[in-house]
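To keep things clear, I will list the structure first and then write my remarks on it.
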Amino acid sequence: MAFGKGEFARNKRSDDGTITSGETQTKMKRERIRSEDSGPANFEQAIIATGYGKFNYLLLLAILPASFASIFSSSAMSYVLPSAECDLHLTMFDKGLLNSMTFAGMIFTAFFWGCVTDMFGRKKIMVYGYLITGLLSIATCFSHRSWLLITFKFFDGMIISGPYAALMSYLAEIHNETHRSRCYMWLGVFFSLGNISLPCIAWLIIPQKWYITLLNETIEINSWRVFLAICSLPEFLACIALFAFPESPRFLILKGRHNEALNVFKKIYSLNTGKNADTYPIKSLEDEYSVESCGERMQDKLRNCWKQTKPLFLRPNVFRLILISMIQLGATIGSNSLRLWMPQLFAMIESYKSTLMKNDNHISGLQPSFCYMLGQEKSHLNSTQYAETLSNSTVVCVPAELNSRVFINSIVIAVTGVIGYTVAGSLITVVGKRKLMVICFVVAAACCGSLYWATDINSILGLSSVFVAMTSIGGATVVNVIVDNFPTYLRTTAVSTTMMMGRIGAVIGNLLFPILFDLSCLGPFIMIGSASLVSSFLVLLLPRKKQNDKPKDIV
């Protein structure tokens, strides 16, 4: 009788909406049977079934050193140049080459890595790519000639663009549509942290008076070489961390390796939920377009690749592509030129203030302008070396004294960029993409022009920080503009093309900067300011997006 009352009570609660333990088991069985009978699942269904948890959090930790590696590879040399000037007998043009070689290497292998990643998988390219770039970074520490350092940085750029591209694909193929954008948001945060941490590490290491000789003084180890060695650590850490993760299940599906893909889904499911892998509800996967279906011969792969990208180079897409690429080119000529040269320029200013300013009768108590200080320091270095060469005496090179102000200024510029990105994320929906880009480029051009007459070091720092932040925001907004102007099947190629144009802009800007600077201090600022103004004008030529108007996803 007591049993009947208990059963009645459970039924009563069930009528109120509470599911009993026995009913829960029955429901789970029904769902399991239904999932097995429902047929194969596509990728999106399979990845949603794995949940979101420990695996995804561990992946975020793994991509932290990977994002630092990309920042350190492209920006570390800008902090080394003042200290390495005497050791490697660097000219201003050599410094421009060192700042641009990583980007040049990325351009050289831009399309190569896309094909290789699709052929061999994401994990192999990431693991071996970061390992090789780490070894190349170590090799740069032992470079005793400028041409060796330039060569190593070029190869470093060639290699690191591979694991970076593979990482972008891996993140998209290991998350469902809901969590994909969140993961890329965290990646942007990690890039910002890398930009801030790099000058902090340089501040701790480079000013140290370390000098060690090895192998009968054939190898010299000093602070800037130690700094480059420390900058290689994220690449090795990324290699080790990503080795522990499985291959992209989407890649395995595209290759027709469904059993391996299903095992990957089961491992992710088990790690996220804590349940046994055999309880994963998906039992089979749908066939998707296979990478192998386009043929194994290289000419078949190239023909298929051209077939997919051909619409991008036909009207009206080609005009939009050229326009957006030119905007990106102008943005990066400005941001990546001035940003990478600022540590060197700040070091020259500090050198002028500590050695020449007290004996400079031309300023007569007035505060010298930015370009005046740079010009006097450049003339002093050139005249000293020329006089010593004529007298047949040994040229004694005195490295620039890097005080804390140089590194603090670089940290402020990096932090300003992060704040700018944060504010822009809120303003882009209020102001609109086009207006935001025009405002950013016009403000950047105004800051660049004002730098020529700036006198106070704080005003120089403020103008430089705002300039770098504005051009970076304008360049980043280009990706959002691509979404409005190209159909889905062409967006990835369009993004890759504009990114390549951005790297070309970085190379052009860093090579022209020292050439124009040797002619006149005003030259680089005319180049950078003009590039920003042209970008703002080109933004106005972008087609306006009509309401409810989306690019058609048909060829």
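Following the order of the structure tokens, chains are lettered A, B, ..., residues in each are numbered from 1, and ligands are numbered from 1.
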Margin query: List the spatial neighbours of stretch 98-106 of chain A as a ChimeraX atom specification - criterion: any atom at most 7 Å away, only C-alpha atoms, same-chain residues fewer than 6 positions off excluded.
Written below: /A:74,77-78,150,153-158,161,340,503,506-507,510
Item checked: Residue contacts of A:Tyr130 (12 Å, only C-alpha atoms) excluding same-chain residues fewer than 2 positions away, as a ChimeraX atom specification -> /A:63,65-70,73,123-128,132-137,156-167,232-243
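Distances here use only C-alpha atoms; by that measure, the residue among A:Thr140, A:Asn485, A:Thr497, A:Ser75 closest to A:Ser325 is A:Thr497.
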Check: With only C-alpha atoms as the atoms that count, which of A:Ser410, A:Asn317, A:Asn359, A:Ser270 lies nearest to A:Phe486?
Finding: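 Closest to A:Phe486 of all the choices is A:Asn317.
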Check: Counting only C-alpha atoms, what is within 8 Å of A:Leu490, bar same-chain residues fewer than 4 positions away, as a PyMOL selection string?
Finding: chain A and resi 309+311-312+486+494
Residues just named, written with N, CA and C atoms as a PDB file, in the first residue's frame:
```pdb
ATOM      1  N   THR A 309      38.001  30.716 -57.617  1.00  0.00           N
ATOM      2  CA  THR A 309      38.354  32.121 -57.379  1.00  0.00           C
ATOM      3  C   THR A 309      38.117  33.018 -58.588  1.00  0.00           C
ATOM      4  N   PRO A 311      35.436  34.048 -60.219  1.00  0.00           N
ATOM      5  CA  PRO A 311      34.424  35.113 -60.108  1.00  0.00           C
ATOM      6  C   PRO A 311      34.910  36.352 -59.364  1.00  0.00           C
ATOM      7  N   LEU A 312      35.931  36.182 -58.508  1.00  0.00           N
ATOM      8  CA  LEU A 312      36.454  37.332 -57.764  1.00  0.00           C
ATOM      9  C   LEU A 312      37.100  38.351 -58.698  1.00  0.00           C
ATOM     10  N   PHE A 486      31.137  41.117 -50.746  1.00  0.00           N
ATOM     11  CA  PHE A 486      31.413  39.872 -51.462  1.00  0.00           C
ATOM     12  C   PHE A 486      30.506  38.757 -50.960  1.00  0.00           C
ATOM     13  N   ALA A 494      38.923  36.825 -50.774  1.00  0.00           N
ATOM     14  CA  ALA A 494      39.005  38.291 -50.738  1.00  0.00           C
ATOM     15  C   ALA A 494      39.787  38.759 -49.517  1.00  0.00           C
TER      16      ALA A 494
END
```
Check: For A:Leu97, which of A:Ser192, A:Asn263, A:Ser337, A:Thr429 is the closest residue, counting only C-alpha atoms?
Finding: A:Ser337
Check: Quick one, how far is atom CA of A:Val438 from atom CA of A:Ser535?
Finding: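 A separation of 7.9 Å between them.
The shortest atom-to-atom distance to A:Glu177, with only C-alpha atoms taken into account, belongs to A:Tyr52 out of A:Ala62, A:Ser143, A:Asn195, A:Tyr52.
Of the residues listed (A:Ala202, A:Val226, A:Ser354, A:Leu338), A:Ala202 shows the shortest atom-to-atom separation from A:Ile408; distances use only C-alpha atoms.
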Check: With only C-alpha atoms as the basis for distance, which of A:Thr213, A:Ser459, A:Asn222, A:Ser472 is at the shortest distance from A:Ala424?
Finding: A:Ser472
Next item on the list: For A:Asp94, list every protein, DNA or RNA residue within 12 Å, evaluated using only C-alpha atoms, and leave out those in the same chain fewer than 2 positions away; present the list as a VMD selection string.
Entry: chain A and resid 77 to 78 81 to 82 84 to 85 88 to 92 96 to 101 145 to 151 510 to 515
Margin query: What parts of stretch 165-354 of chain A does DSSP call alpha helix (DSSP H)? I'd like the answer as a VMD selection string.
Written below: chain A and resid 165 to 173 177 to 205 223 to 231 233 to 243 249 to 254 258 to 273 298 to 309 317 to 354
Note to self: So that I can see what lies close to A:Asp287, please list as a PyMOL selection string the residues with an atom at most 12 Å from it, counting only C-alpha atoms and leaving out residues fewer than 6 positions away in the same chain.
What the structure shows: chain A and resi 39-43+250+252-259+261+293
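For the atom pair formed by atom CA of A:Phe120 and atom CA of A:Leu187, the distance is 24.2 Å, given to one decimal.
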Margin query: Give me, as a ChimeraX atom specification, the residues of stretch 153-352 of chain A that a backbone DSSP run labels strand (DSSP E or B).
Written below: /A:211-214,219-222,285
